[in-house]
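Asks: Right, I'll just put the structure down here and ask away after.
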Amino acid sequence: MKKKSLALILCCSLFFSFLGACGANIGSGMGDHATEPATEEEKLTVVGFSQVGAESDWRSANTESMKSVFTAYNGYELIFDDAQQKQTNQIMAIRNFIQQEVDYIVLAPVTETGWDTVLQEAHDAGIPVIIVDRMVDVSDSRLFECWVGSNFELEARKMCEWLRWFCVKHNILAEDVYIADIQGTIGASAQIGRTEGLQKAAREYGWNIVATVEGEFTRAKGYEATQQLLLKYPKMNVVYCENDNEAFGAIEAIRDAGKQVGSDIKNGEIMVLSFDGVKPEALQDVLDDSISCIAECNPLHGPRVEAIIRKLQNGETPQKYEYVDEDVFSAYEEIENVIVDSKEYPITLVTPELIERRRAEYDTGSYVEELPDNVY
Amino acid sequence: MQKLKEKFKNISDTNLLLLITIVVFFLMYIGAVVFQGKGFLKPQTFFNILNANAALILLACGLSLVMITGSIDISVGGVTALVSMCCAVYLDYQGGNVFVSMLIALGIGLAFGLVQGILIAYLDIQPFIVTLAGMFFARGMTTIVHTNPFNVENPNFVALKETRVNVPGMGSVNKLGVYVPAYVELGVLVALLIVLALFFILRYTKLGRNFYAVGGNNQSALMLGINVKRTKFFAHLLCGVLAGIGGYVYFLHVGSGAPSHAQGAEMNAIASSIIGGTMLTGGVGNIIGTFFGVLSLSTIQNIVSSAGLDQAWWTGITIAAMLCLFLVIQSVVMARKKKQVKK
Amino acid sequence: MSKIFRNQLFIPIAALLLLAVFNLIADPSFFKITLGYNSAGDPVLSGYLMTILDYGSELAILAIGMTLVTAASGGQDISVGAAIAISGSVVLRVLCGRDHHAETMQAPIIVAFLISCVVAMIFGAFNGALVAFFKIQPMVATLILFTAGRSIAAWINNNELPIVNEISFSYFGGFIPGIPVPTPFFIALACVIVIFLALKFTNLGLYTQSVGINESSSRLNGLNPEFIKFLAFIILGLCVAVAALIKVSRLSTINYSVIAKDIEMDAILAVALGGNALSGGKFNMGASILGAYVIQFLTTTLYKFNVPADALPAYKAVVVILLVVFSAPTVREFFSGLWKKMTKKGVEANAKA
């Protein structure tokens, strides 16, 4: 019996000491708060950033962009959390940020729905939330300060418009176009927008979509999916990959299966279309005609978010929705621009010089293009 | 001092391991408070850990039961995912009511427990392979039921999900100077109740003692007239039911159905059980220890994430290191005990 | 009759035949093999059977190691998938050096492979030490690496995704120019030959089985059970390194969270399908290897019938349950009793007639 009581006493005493620590905090909570700004933390603005994961090059570039901006040198302390693709982890991270009383929360949500509660908590705690990349679907848009990201459906529409003109110029009939859509992670805004855009265009122009499969935005999944598709649908001649990594996998799978990658779909080549265009390698593939067209998706949100935070600190209201400017890359000169919703978008011709420039920027980490005026 | 040593010698395996776990947990938490301060001092941080891990507590309890009988169940994570998906689909697509969804959760858990229990206890098939198949089946079925993740919008369910119970006398003042009381979600209450119930079952009922006897030594349990097969069956049945309840609690916490839900939960549950002092060889273990095991595991995760160790890999590595440490402690403690007994 | 039933190779062969017949009836084009040319102009064979040969091979390599571990320790290593991620990551790290998208390889492939072998064997030794010397159950001991493995893999390459651009690196997981059969098959063949030679000319098989059957009695007979178990895990480590080379070569890159996902389950399944007791003891290496190809056959068949990759486990689970139920001793006894009764009745009926 005594041995048990020993254990009991030990754990009880520890438990009460813990409770005591908590209890003490209730009383001193106010005091803590009052003395805090006097310490060294006064200068550094604490930013909590909850990132989806590190599943693609785009994501890594996005993370890198944030990290390079929110440095102690620039007057920030960044608490970075990698959610490994799980919403529960992100919610947990945001709750942690709230408890740590960060100044701003930046959230790159893994899915669109299910954010009401936790964003309400952040709102109640007086912490502004900035959403990047994917959208959140909340009942009250006041729950987040603003959103920065890409118009995914527009990217898809631009791409489809390019494909239409390509078919027209090369005398390819719409009914001879057999597209396989390798989707991104289901439920992600990029996947929803890019799939939607393709579906609309296919209905409008009469293309055949032979398959819609999930590729999770990864090279491995893209490879696997394409490999299966090639066996199942010998007619397939366009592979519509929803990001570069999937495209890299698809190209490899097509080559491994003994088929040709290229734009000449009339002669049995298989065309690969892709999004993002983050790595110089992707642009190199465009030049080599391995990828026929890339609709860019800009990952460099860091400077934009920093500009927004500065605005907020100065008491200004930033724009609620801010779209990033994006290019379309192709190596075909004959299509100079595409028109979507009566707005003209130029197609950027990929040249060795362009790639050289991108590579230099990418390698030195200074890959930051000029920002539109409304940000700075 | 001499007395203390004497006591240490006489302490039972279960209590010794329990003691180690609890001490480590408090040391860890105090360490977090001292070195990271701020967040960890607030009671809500602790309750957030509870809120996020109520389901894991239930799963780990179920695993502790089967591990005490010397068996294993790795299907609990899959069952959790299946339960959330089925309930989500039922609530949103069929417009079902919340009470029935709870019954569905229980039913799924019961079915898994029943089938696995029969296969393991009565047909004498390796538990690992049976529950591996169970896990595969549950994960596969989840995507067959519905492929895409989605959030449940059923108003009754959302109301239940949002229900919060304030913890009396605790709270903190936030940045805006508002006093926010600390709260727990309903799932935490369920988990705590079940932890208490299981604690009493294991300690004071015949069934509970039978679990230890069967796990400790199959043969001698048989000789004592214990129905070994039935006891094993009950352990798996209970584990299945707990997985069902845990699945619902998880569902209540996340409010969505997704095939990727509770990925790796089985491993976390096993890890928490081991950290909580349950021995995989059977016969040793304690529900209270399991409870603290879950807390230790999630506190580590929390420390890693709020320390701003910005790379995700640290979580995995620290948990593994902790698991390794506890396994080695267990093994060393047991070896020493054996030697002492021999002397 | 009963001899055939009792032979260990019966289960995998029967399963294989069943699957083959099923496919033949459902869609004979499953067996079609076409000769095509890849982008480099080299001949390649493609078709579902080639896919099985290709992907089944890495599974077969793992099954070799897994069989030994199962036989010696009576448990399974669940960390092979994570270990593949680690050694794959090591290969890429050595090949790419600091620059994660290097134009040329920074080291010869053989060096990278050898280093990854050493790393994989160290991790195998870690598992082995926990199991053999600390007497921790294999499944739990390997749980540690299972949890940490992919994190360690990401850490080795600083969470970047290095890409090897050199074509010769892709030979291991693809085709060697001029040979139309996928290379993994030859690698698996080499591994199989090595292990069979080892089993034939050394005491490895005998010692492993005796340790698995009864540890204390083999100790009394002068064996060192700890060392044998330890050795089994190290051999598995070696198998992991080979499989990892194939895996990373296929893609020329790596994805830490996805690479070789759930492959441990398939490898264990292969051992079980081969009719080997998962509780250790006697084993049949050939049956395990055949089991690996049968598993891949099943996977490919399911893919063929448009089963989405995520739903695949459900079907596999049903197969596994049926398999273990029918091979369970109690069920077997029941059926053999039934068989005896029936034949007895038959004999009696004949006698009466």
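Chain labels run A, B, ... following the order of the structure tokens; each chain numbers its residues from 1, and ligands are numbered from 1 in the order shown.
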For chain C against chain B, which residues fall within 7 Å using only C-alpha atoms, given as JSON, numbers by chain?
Replies: {"C": [134, 144, 145, 147, 148, 151, 152, 154, 155, 310, 311, 312, 313, 314, 317, 320, 321, 328, 330, 331]}
Asks: Hey, list the chain A side of the contact with chain C: 8 Å cut-off, only C-alpha atoms, answer as a ChimeraX atom specification.
Replies: /A:54-55,57,60,218-220,223,228,231-232,249,252,255-260
Asks: Could you tell me which of B:Val76, B:Leu27, B:Leu176, B:Ala182 comes closest to B:Arg164 if we count only C-alpha atoms?
Replies: B:Ala182
Asks: For stretch 219-233 of chain C, list every protein, DNA or RNA residue within 6 Å, evaluated using only C-alpha atoms, and leave out those in the same chain fewer than 2 positions away; present the list as JSON, numbers by chain.
Replies: {"C": [68, 69, 72, 124, 128, 132, 211, 216, 217, 235, 236]}
Asks: Those same residues, written as a PDB file, in the first residue's frame with N, CA and C atoms?
Replies:
```pdb
ATOM      1  N   LEU C  68      13.334 -13.746 -44.011  1.00  0.00           N
ATOM      2  CA  LEU C  68      14.363 -14.088 -43.028  1.00  0.00           C
ATOM      3  C   LEU C  68      14.036 -13.471 -41.668  1.00  0.00           C
ATOM      4  N   VAL C  69      13.632 -12.197 -41.683  1.00  0.00           N
ATOM      5  CA  VAL C  69      13.301 -11.525 -40.419  1.00  0.00           C
ATOM      6  C   VAL C  69      12.132 -12.223 -39.742  1.00  0.00           C
ATOM      7  N   ALA C  72      13.268 -15.638 -38.328  1.00  0.00           N
ATOM      8  CA  ALA C  72      14.182 -15.608 -37.184  1.00  0.00           C
ATOM      9  C   ALA C  72      13.534 -15.002 -35.951  1.00  0.00           C
ATOM     10  N   GLY C 124      19.103  -1.071 -40.380  1.00  0.00           N
ATOM     11  CA  GLY C 124      18.712  -2.460 -40.131  1.00  0.00           C
ATOM     12  C   GLY C 124      19.311  -2.944 -38.826  1.00  0.00           C
ATOM     13  N   GLY C 128      17.609  -4.326 -35.600  1.00  0.00           N
ATOM     14  CA  GLY C 128      18.053  -5.640 -35.151  1.00  0.00           C
ATOM     15  C   GLY C 128      18.522  -5.605 -33.711  1.00  0.00           C
ATOM     16  N   ALA C 132      17.016  -7.905 -31.004  1.00  0.00           N
ATOM     17  CA  ALA C 132      17.830  -9.019 -30.521  1.00  0.00           C
ATOM     18  C   ALA C 132      18.359  -8.776 -29.114  1.00  0.00           C
ATOM     19  N   VAL C 211      16.391 -20.919 -34.770  1.00  0.00           N
ATOM     20  CA  VAL C 211      16.191 -19.824 -33.811  1.00  0.00           C
ATOM     21  C   VAL C 211      14.707 -19.458 -33.753  1.00  0.00           C
ATOM     22  N   SER C 216      15.502 -20.927 -27.110  1.00  0.00           N
ATOM     23  CA  SER C 216      16.347 -21.425 -26.022  1.00  0.00           C
ATOM     24  C   SER C 216      17.013 -22.744 -26.373  1.00  0.00           C
ATOM     25  N   SER C 217      16.303 -23.571 -27.132  1.00  0.00           N
ATOM     26  CA  SER C 217      16.944 -24.839 -27.460  1.00  0.00           C
ATOM     27  C   SER C 217      18.067 -24.643 -28.471  1.00  0.00           C
ATOM     28  N   ILE C 235      20.427  -8.149 -43.255  1.00  0.00           N
ATOM     29  CA  ILE C 235      20.174  -8.607 -44.623  1.00  0.00           C
ATOM     30  C   ILE C 235      18.966  -7.876 -45.190  1.00  0.00           C
ATOM     31  N   LEU C 236      17.943  -7.695 -44.349  1.00  0.00           N
ATOM     32  CA  LEU C 236      16.774  -6.949 -44.810  1.00  0.00           C
ATOM     33  C   LEU C 236      17.182  -5.516 -45.199  1.00  0.00           C
TER      34      LEU C 236
END
```
Asks: Give me, as a PyMOL selection string, all polymer residues having an atom no more than 8 Å from C:Phe113, counting only C-alpha atoms and skipping those fewer than 6 positions away in the same chain.
Replies: chain C and resi 91+241+245
Asks: Could you check how far atom CA of B:Gly285 sits from atom CA of B:Ser64, in Å to one decimal?
Replies: 6.9 Å
Asks: Skipping near chain neighbours, those fewer than 4 positions away, what residues fall within 7 Å of A:Lys158 using only C-alpha atoms, listed as a CSV table (one decimal) with N, CA and C atoms, in the first residue's frame?
Replies:
```csv
chain,number,residue,atom,x,y,z
A,154,LEU,N,-8.9,31.2,-64.1
A,154,LEU,CA,-8.4,32.0,-65.2
A,154,LEU,C,-7.1,31.4,-65.9
A,162,TRP,N,-5.4,28.6,-75.3
A,162,TRP,CA,-4.2,28.4,-76.1
A,162,TRP,C,-4.3,27.1,-76.9
A,338,VAL,N,-4.0,35.3,-76.0
A,338,VAL,CA,-5.3,34.7,-75.9
A,338,VAL,C,-6.3,35.7,-75.3
A,340,VAL,N,-9.6,36.0,-72.9
A,340,VAL,CA,-10.5,35.3,-71.9
A,340,VAL,C,-11.4,36.4,-71.4
```
Asks: Do a neighbour search on A:Lys221 at 9 Å with only C-alpha atoms, toss out local chain neighbours closer than 4 positions, and write the hits as a PyMOL selection string.
Replies: (chain A and resi 214-217+225-226+246+249-250) or (chain C and resi 258)
Asks: Enter the distance from atom CA of B:Ala81 to atom CA of A:Glu112, in Å, rounded to one decimal.
Replies: 19.7 Å
Asks: Skip C:Cys191 itself and residues of its chain fewer than 2 positions away, then list as number ranges by chain all residues within 9 Å of it, counting only C-alpha atoms.
Replies: C: 61, 64, 186-189, 193-196, 239, 242
Asks: Write down as a ChimeraX atom specification the residues of stretch 66-266 of chain A whose backbone DSSP state falls under strand (DSSP E).
Replies: /A:76-82,104-107,129-132,146-149,178-183,208-214,238-241
Asks: Taking only C-alpha atoms into account, name the residue in B:Val284, B:Lys337, B:Ile194, B:Leu224 that is nearest to B:Ile57.
Replies: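 When distances to B:Ile57 are compared using only C-alpha atoms, the smallest one comes from B:Ile194.
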Asks: Could you please write out, as a PyMOL selection string, every residue of stretch 97-305 of chain A that DSSP assigns to helix (DSSP H, G or I)?
Replies: chain A and resi 97-100+116-124+141-143+152-169+174-176+189-205+219-232+244-256+265-267+280-287+302-305
Asks: In Å, with one decimal, what is the gap from atom CA of B:Gly208 to atom CA of B:Asp73?
Replies: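 About the pair atom CA of B:Gly208 and atom CA of B:Asp73: they are 18.2 Å apart.
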Asks: Between B:Ile74, B:Val152, B:Met67, B:Val188, which one has atoms that come closest to chain A, using only C-alpha atoms?
Replies: B:Val152
Asks: Return the single residue from B:Thr278, B:Thr45, B:Gln94, B:Asn51 that is closest to chain A, with distances computed using only C-alpha atoms.
Replies: B:Thr45
Asks: Can you work out which one of B:Ile68, B:Val79, B:Ile288, B:Leu91 has the shortest atom-to-atom distance to chain A, counting only C-alpha atoms?
Replies: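 Among B:Ile68, B:Val79, B:Ile288, B:Leu91, it is B:Ile288 that comes nearest to chain A.
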